[in-house]
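Printed here is protein02.pdb (PDB, C-alpha atoms):
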ATOM      1  CA  GLN O   1     105.966  69.374 128.563
ATOM      2  CA  GLN O   2     103.254  67.420 126.883
ATOM      3  CA  ARG O   3      99.660  68.300 127.672
ATOM      4  CA  ASP O   4      96.736  66.253 126.413
ATOM      5  CA  ARG O   5      93.583  68.060 125.354
ATOM      6  CA  SER O   6      90.178  66.454 125.230
ATOM      7  CA  GLY O   7      86.865  68.129 124.633
ATOM      8  CA  MET O   8      83.269  67.220 124.006
ATOM      9  CA  ALA O   9      80.262  68.897 122.419
ATOM     10  CA  LEU O  10      76.649  67.779 122.284
ATOM     11  CA  ASP O  11      73.627  69.227 120.473
ATOM     12  CA  ILE O  12      70.179  67.711 120.992
ATOM     13  CA  PHE O  13      67.125  69.383 119.485
ATOM     14  CA  GLY O  14      63.644  68.817 118.191
ATOM     15  CA  THR O  15      61.398  70.949 116.005
ATOM     16  CA  TYR O  16      57.630  70.787 115.705
ATOM     17  CA  ARG O  17      56.048  72.358 112.611
ATOM     18  CA  PHE O  18      52.369  73.211 112.812
ATOM     19  CA  ASP O  19      50.065  72.653 109.839
ATOM     20  CA  ASN O  20      49.102  76.278 109.286
ATOM     21  CA  VAL O  21      49.337  78.805 106.458
ATOM     22  CA  TRP O  22      51.845  80.889 108.505
ATOM     23  CA  LYS O  23      54.143  77.838 108.850
ATOM     24  CA  PRO O  24      54.733  78.248 112.618
ATOM     25  CA  GLU O  25      57.351  76.082 114.270
ATOM     26  CA  VAL O  26      58.836  75.626 117.741
ATOM     27  CA  THR O  27      62.307  74.260 118.456
ATOM     28  CA  LEU O  28      63.683  73.077 121.792
ATOM     29  CA  GLU O  29      67.452  72.639 121.948
ATOM     30  CA  TYR O  30      70.119  71.689 124.487
ATOM     31  CA  VAL O  31      73.806  72.371 123.724
ATOM     32  CA  HIS O  32      76.832  71.363 125.806
ATOM     33  CA  PHE O  33      80.499  72.391 125.387
ATOM     34  CA  SER O  34      82.926  70.795 127.828
ATOM     35  CA  GLY O  35      85.071  73.075 129.951
ATOM     36  CA  GLU O  36      88.075  73.436 132.217
ATOM     37  CA  GLU O  37      87.535  74.336 135.871
ATOM     38  CA  ASP O  38      91.015  75.657 136.681
ATOM     39  CA  LEU O  39      91.997  78.333 134.172
ATOM     40  CA  SER O  40      95.296  79.018 135.955
ATOM     41  CA  ASN O  41      96.498  75.435 135.565
ATOM     42  CA  TRP O  42      99.228  75.583 132.923
ATOM     43  CA  THR O  43     100.929  72.378 134.024
ATOM     44  CA  ALA O  44     101.155  69.108 132.147
ATOM     45  CA  SER O  45      97.720  67.966 133.341
ATOM     46  CA  ASP O  46      95.004  67.363 130.761
ATOM     47  CA  TYR O  47      92.928  70.269 129.464
ATOM     48  CA  GLU O  48      89.253  69.404 128.965
ATOM     49  CA  GLY O  49      87.804  72.523 127.302
ATOM     50  CA  TRP O  50      86.046  72.446 123.975
ATOM     51  CA  ASN O  51      87.997  73.899 121.034
ATOM     52  CA  ALA O  52      86.048  76.736 119.419
ATOM     53  CA  LEU O  53      87.714  76.347 116.041
ATOM     54  CA  TYR O  54      85.430  75.327 113.146
ATOM     55  CA  ARG O  55      82.147  75.547 115.049
ATOM     56  CA  GLY O  56      80.000  76.036 111.987
ATOM     57  CA  LYS O  57      76.731  76.946 113.706
ATOM     58  CA  PHE O  58      75.824  79.870 115.940
ATOM     59  CA  TRP O  59      72.777  79.687 118.166
ATOM     60  CA  THR O  60      72.577  83.236 119.541
ATOM     61  CA  ALA O  61      73.228  86.791 118.398
ATOM     62  CA  TYR O  62      75.623  87.654 121.226
ATOM     63  CA  ALA O  63      76.503  84.863 123.675
ATOM     64  CA  ASP O  64      78.233  82.750 121.008
ATOM     65  CA  PHE O  65      80.646  85.635 120.409
ATOM     66  CA  ARG O  66      81.527  86.425 124.055
ATOM     67  CA  GLU O  67      85.250  87.138 124.387
ATOM     68  CA  PHE O  68      85.790  86.878 120.609
ATOM     69  CA  VAL O  69      84.339  90.221 119.549
ATOM     70  CA  SER O  70      84.079  92.108 122.833
ATOM     71  CA  ALA O  71      86.545  91.070 125.521
ATOM     72  CA  THR O  72      86.101  92.188 129.116
ATOM     73  CA  GLY O  73      88.747  92.841 131.753
ATOM     74  CA  ASP O  74      87.534  89.785 133.675
ATOM     75  CA  LEU O  75      90.287  87.160 133.732
ATOM     76  CA  TYR O  76      87.698  84.393 134.180
ATOM     77  CA  ASP O  77      85.389  85.444 131.347
ATOM     78  CA  GLN O  78      85.736  82.622 128.827
ATOM     79  CA  ALA O  79      84.758  82.391 125.188
ATOM     80  CA  GLY O  80      81.118  81.484 124.623
ATOM     81  CA  SER O  81      82.074  78.296 122.830
ATOM     82  CA  THR O  82      83.760  76.550 125.758
ATOM     83  CA  ASN O  83      82.669  75.529 129.245
ATOM     84  CA  SER O  84      79.036  76.268 128.601
ATOM     85  CA  GLN O  85      75.657  74.654 128.390
ATOM     86  CA  PHE O  86      72.415  76.183 127.314
ATOM     87  CA  PHE O  87      68.780  75.457 126.722
ATOM     88  CA  GLN O  88      66.991  77.371 123.975
ATOM     89  CA  VAL O  89      63.356  77.780 122.985
ATOM     90  CA  LYS O  90      62.946  79.165 119.483
ATOM     91  CA  GLY O  91      59.855  80.011 117.478
ATOM     92  CA  ALA O  92      59.330  81.053 113.868
ATOM     93  CA  ILE O  93      56.401  82.147 111.692
ATOM     94  CA  LYS O  94      55.897  83.338 108.118
ATOM     95  CA  PRO O  95      52.973  85.792 108.248
ATOM     96  CA  LEU O  96      53.675  86.665 104.596
ATOM     97  CA  GLU O  97      55.167  84.477 101.897
ATOM     98  CA  ASP O  98      58.310  86.648 101.813
ATOM     99  CA  LEU O  99      58.653  87.454 105.535
ATOM    100  CA  LEU O 100      60.173  85.194 108.211
ATOM    101  CA  LEU O 101      59.976  86.235 111.886
ATOM    102  CA  GLU O 102      62.009  84.369 114.528
ATOM    103  CA  ALA O 103      62.418  84.737 118.290
ATOM    104  CA  SER O 104      64.381  82.787 120.865
ATOM    105  CA  ALA O 105      65.030  82.694 124.606
ATOM    106  CA  THR O 106      68.236  81.021 125.797
ATOM    107  CA  PHE O 107      69.386  80.204 129.337
ATOM    108  CA  LEU O 108      73.157  79.655 129.683
ATOM    109  CA  TRP O 109      75.263  78.106 132.469
ATOM    110  CA  THR O 110      78.817  76.749 132.795
ATOM    111  CA  ASP O 111      79.784  73.107 132.404
ATOM    112  CA  GLU O 112      82.545  73.253 135.044
ATOM    113  CA  THR O 113      82.536  75.560 138.061
ATOM    114  CA  ILE O 114      85.380  78.059 137.738
ATOM    115  CA  HIS O 115      87.782  78.302 140.682
ATOM    116  CA  THR O 116      89.008  81.849 141.207
ATOM    117  CA  GLY O 117      91.418  83.896 143.294
ATOM    118  CA  ALA O 118      91.870  87.571 144.074
ATOM    119  CA  VAL O 119      91.269  89.679 140.966
ATOM    120  CA  THR O 120      91.652  93.384 140.223
ATOM    121  CA  LEU O 121      89.643  94.971 137.411
ATOM    122  CA  GLY O 122      90.792  98.497 136.671
ATOM    123  CA  SER O 123      90.279 100.558 139.802
ATOM    124  CA  ASP O 124      87.790  98.055 141.253
ATOM    125  CA  ALA O 125      89.351  95.314 143.364
ATOM    126  CA  TYR O 126      87.381  92.390 144.675
ATOM    127  CA  LEU O 127      88.206  89.099 146.275
ATOM    128  CA  ALA O 128      86.489  86.288 144.481
ATOM    129  CA  SER O 129      88.361  83.392 146.006
ATOM    130  CA  GLY O 130      86.568  80.121 145.816
ATOM    131  CA  GLU O 131      84.107  79.466 143.028
ATOM    132  CA  ARG O 132      82.146  81.508 140.520
ATOM    133  CA  SER O 133      78.424  81.021 140.065
ATOM    134  CA  ASN O 134      77.476  78.747 137.164
ATOM    135  CA  ASP O 135      74.722  81.161 136.031
ATOM    136  CA  LEU O 136      75.992  82.773 132.796
ATOM    137  CA  GLY O 137      72.666  84.483 132.069
ATOM    138  CA  TRP O 138      69.875  84.791 129.526
ATOM    139  CA  GLU O 139      69.736  85.896 125.911
ATOM    140  CA  PHE O 140      66.676  87.063 123.989
ATOM    141  CA  ASP O 141      66.904  87.322 120.186
ATOM    142  CA  PHE O 142      64.487  88.560 117.529
ATOM    143  CA  SER O 143      65.025  88.515 113.773
ATOM    144  CA  ALA O 144      63.124  89.382 110.624
ATOM    145  CA  THR O 145      64.093  88.342 107.096
ATOM    146  CA  TYR O 146      62.321  89.794 104.072
ATOM    147  CA  ASP O 147      62.858  88.177 100.667
ATOM    148  CA  TYR O 148      62.573  91.188  98.358
ATOM    149  CA  THR O 149      63.132  89.054  95.267
ATOM    150  CA  GLU O 150      64.334  85.539  94.663
ATOM    151  CA  ASP O 151      67.944  86.810  94.749
ATOM    152  CA  VAL O 152      67.784  89.691  97.274
ATOM    153  CA  SER O 153      66.829  89.560 100.952
ATOM    154  CA  PHE O 154      67.000  92.020 103.849
ATOM    155  CA  GLY O 155      67.479  91.048 107.463
ATOM    156  CA  LEU O 156      67.342  92.613 110.913
ATOM    157  CA  LEU O 157      68.620  90.823 114.020
ATOM    158  CA  THR O 158      68.387  92.139 117.578
ATOM    159  CA  GLY O 159      69.722  90.385 120.662
ATOM    160  CA  TRP O 160      69.957  91.147 124.375
ATOM    161  CA  PHE O 161      72.337  89.259 126.650
ATOM    162  CA  VAL O 162      71.433  89.624 130.328
ATOM    163  CA  PRO O 163      74.465  88.500 132.387
ATOM    164  CA  GLY O 164      73.885  86.126 135.275
ATOM    165  CA  ASP O 165      75.639  85.884 138.636
ATOM    166  CA  TYR O 166      78.813  84.528 137.004
ATOM    167  CA  PHE O 167      79.683  88.068 135.888
ATOM    168  CA  VAL O 168      80.759  90.673 138.423
ATOM    169  CA  SER O 169      80.877  94.457 138.247
ATOM    170  CA  PRO O 170      81.918  96.222 136.056
ATOM    171  CA  ASN O 171      81.409  93.362 133.555
ATOM    172  CA  ASP O 172      77.751  92.675 134.276
ATOM    173  CA  ASP O 173      75.866  95.172 132.098
ATOM    174  CA  VAL O 174      73.239  94.052 129.580
ATOM    175  CA  ALA O 175      74.740  93.703 126.092
ATOM    176  CA  THR O 176      72.726  94.625 122.996
ATOM    177  CA  ASP O 177      73.461  93.492 119.465
ATOM    178  CA  ILE O 178      71.703  94.951 116.398
ATOM    179  CA  VAL O 179      72.662  93.730 112.921
ATOM    180  CA  SER O 180      71.099  94.616 109.594
ATOM    181  CA  SER O 181      71.982  92.680 106.475
ATOM    182  CA  VAL O 182      71.458  92.518 102.744
ATOM    183  CA  LYS O 183      72.008  89.244 100.914
ATOM    184  CA  VAL O 184      72.407  89.113  97.148
ATOM    185  CA  SER O 185      72.654  85.743  95.394
ATOM    186  CA  PHE O 186      74.076  85.381  91.910
TER
END

Kindly present the structure from the file in structure tokens form.
Amino acid sequence: QQRDRSGMALDIFGTYRFDNVWKPEVTLEYVHFSGEEDLSNWTASDYEGWNALYRGKFWTAYADFREFVSATGDLYDQAGSTNSQFFQVKGAIKPLEDLLLEASATFLWTDETIHTGAVTLGSDAYLASGERSNDLGWEFDFSATYDYTEDVSFGLLTGWFVPGDYFVSPNDDVATDIVSSVKVSF
């Protein structure tokens, strides 16, 4: 059977840079990835989810990687790069010439409401027939990058994803991501 696939993505943002020695800036951004409402539909009807392949940019420390790095037992937990929308507020300052501090708050929700049926997760059974909430949750990220020399920099990134009502127990715990990095340019 032939099945057509169509998807859409949209990224609208604006950045304001203040005239200050610390180079502060604020960015407001809205991102939209189209989605599919019926995940059990494997017929010949069109599929309208966004294809995550070759995304190029990542906006958050954790939510962008949902179901790629850490999969849950929830059959309706989709990858972070499909069926989602989010609004992000991001700020950055350079209190020292070699130090960049960034912070962001991101609210995420689904593009299409997911239709569900009875689901069993491990020993916990629940009936979620009908529709899932569109509230995916919030993410809060903080990062620091220190340019030790022109060719060497150190980074620390911390993110907290606070699941919204879309996620049900036992898949609704806060996720924490901590990444340290060293970059050497030749």

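Take the PyMOL selection byres ((chain O and resi 146) around 9) and apply it to this file: it picks O:Asp98, O:Leu99, O:Leu100, O:Leu101, O:Ala144, O:Thr145, O:Asp147, O:Tyr148, O:Thr149, O:Val152, O:Ser153, O:Phe154, O:Gly155, O:Leu156.
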
**Request:** Would you mind reading off the distance between CA of Ser104 in chain O and CA of Lys90 in chain O, one decimal, in Å?
**Result:** 4.1 Å

**Request:** Using all atoms listed in the file, find the one residue out of O:Phe13, O:Trp22, O:Phe33, O:Trp138 that sits nearest to Thr60 in chain O.
**Result:**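 Closest to Thr60 in chain O, using all atoms listed in the file: O:Trp138.
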
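Take the PyMOL selection byres ((chain O and resi 24-31) around 7) and apply it to this file: it picks Leu10, Asp11, Ile12, Phe13, Gly14, Thr15, Tyr16, Arg17, Phe18, Asn20, Trp22, Lys23, His32, Phe33, Gln85, Phe86, Phe87, Gln88, Val89, Lys90, Gly91, Ala92, Ile93 and Lys94 of chain O.
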
**Complete:** Across O:Ser84, O:Ser169, O:Thr176, O:Gln78, the smallest distance to Asp111 in chain O, with all atoms listed in the file counted, is shown by O:Ser84

**Message:** Between CA of Phe167 in chain O and CA of Ser180 in chain O, what is the distance in Å, rounded to a tenth?
**Reply:** 28.4 Å

**Request:** Report the distance between CA of Leu136 in chain O and CA of Trp109 in chain O in Å, rounded to one decimal place.
**Result:**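 Going from CA of Leu136 in chain O over to CA of Trp109 in chain O, I get 4.7 Å.
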
Every residue with an atom at most 9 Å from (70.6, 87.5, 125.9) (file coordinates; all atoms listed in the file) is what I'm after, so could you write them as a JSON list (two decimals) with C-alpha atoms, in the frame of the given file?
[["chain", "number", "residue", "atom", "x", "y", "z"],
["O", 60, "THR", "CA", 72.58, 83.24, 119.54],
["O", 61, "ALA", "CA", 73.23, 86.79, 118.40],
["O", 62, "TYR", "CA", 75.62, 87.65, 121.23],
["O", 63, "ALA", "CA", 76.50, 84.86, 123.68],
["O", 105, "ALA", "CA", 65.03, 82.69, 124.61],
["O", 106, "THR", "CA", 68.24, 81.02, 125.80],
["O", 107, "PHE", "CA", 69.39, 80.20, 129.34],
["O", 137, "GLY", "CA", 72.67, 84.48, 132.07],
["O", 138, "TRP", "CA", 69.88, 84.79, 129.53],
["O", 139, "GLU", "CA", 69.74, 85.90, 125.91],
["O", 140, "PHE", "CA", 66.68, 87.06, 123.99],
["O", 141, "ASP", "CA", 66.90, 87.32, 120.19],
["O", 159, "GLY", "CA", 69.72, 90.38, 120.66],
["O", 160, "TRP", "CA", 69.96, 91.15, 124.38],
["O", 161, "PHE", "CA", 72.34, 89.26, 126.65],
["O", 162, "VAL", "CA", 71.43, 89.62, 130.33],
["O", 163, "PRO", "CA", 74.46, 88.50, 132.39],
["O", 174, "VAL", "CA", 73.24, 94.05, 129.58],
["O", 175, "ALA", "CA", 74.74, 93.70, 126.09],
["O", 176, "THR", "CA", 72.73, 94.62, 123.00]]

**Prompt:** Which is closest to Ser181 in chain O among O:Ala9, O:Leu157, O:Tyr166, O:Arg132, if we use all atoms listed in the file?
**Reply:** O:Leu157

**Message:** I want to know what sits within 8 Å of Gly35 in chain O, based on only C-alpha atoms, with residues of the same chain fewer than 4 positions away left out; could you give that as a ChimeraX atom specification?
**Reply:** /O:7,48-50,82-84,110-112

**Fill in**
Across O:Asp172, O:His115, O:Arg66, O:Val21, the smallest distance to Glu97 in chain O, with only C-alpha atoms counted, is shown by O:Val21

**Radius query 8 Å about (73.8, 90.2, 98.7), atoms used: all atoms listed in the file, as a ChimeraX atom specification** = /O:151-153,182-185

**Item:** Shortest interatomic distance to Glu131 in chain O - which of O:Met8, O:Ser143, O:Asp165, O:Asn171, counting only C-alpha atoms
**Value:**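 Selected residue with least distance to Glu131 in chain O: O:Asp165.
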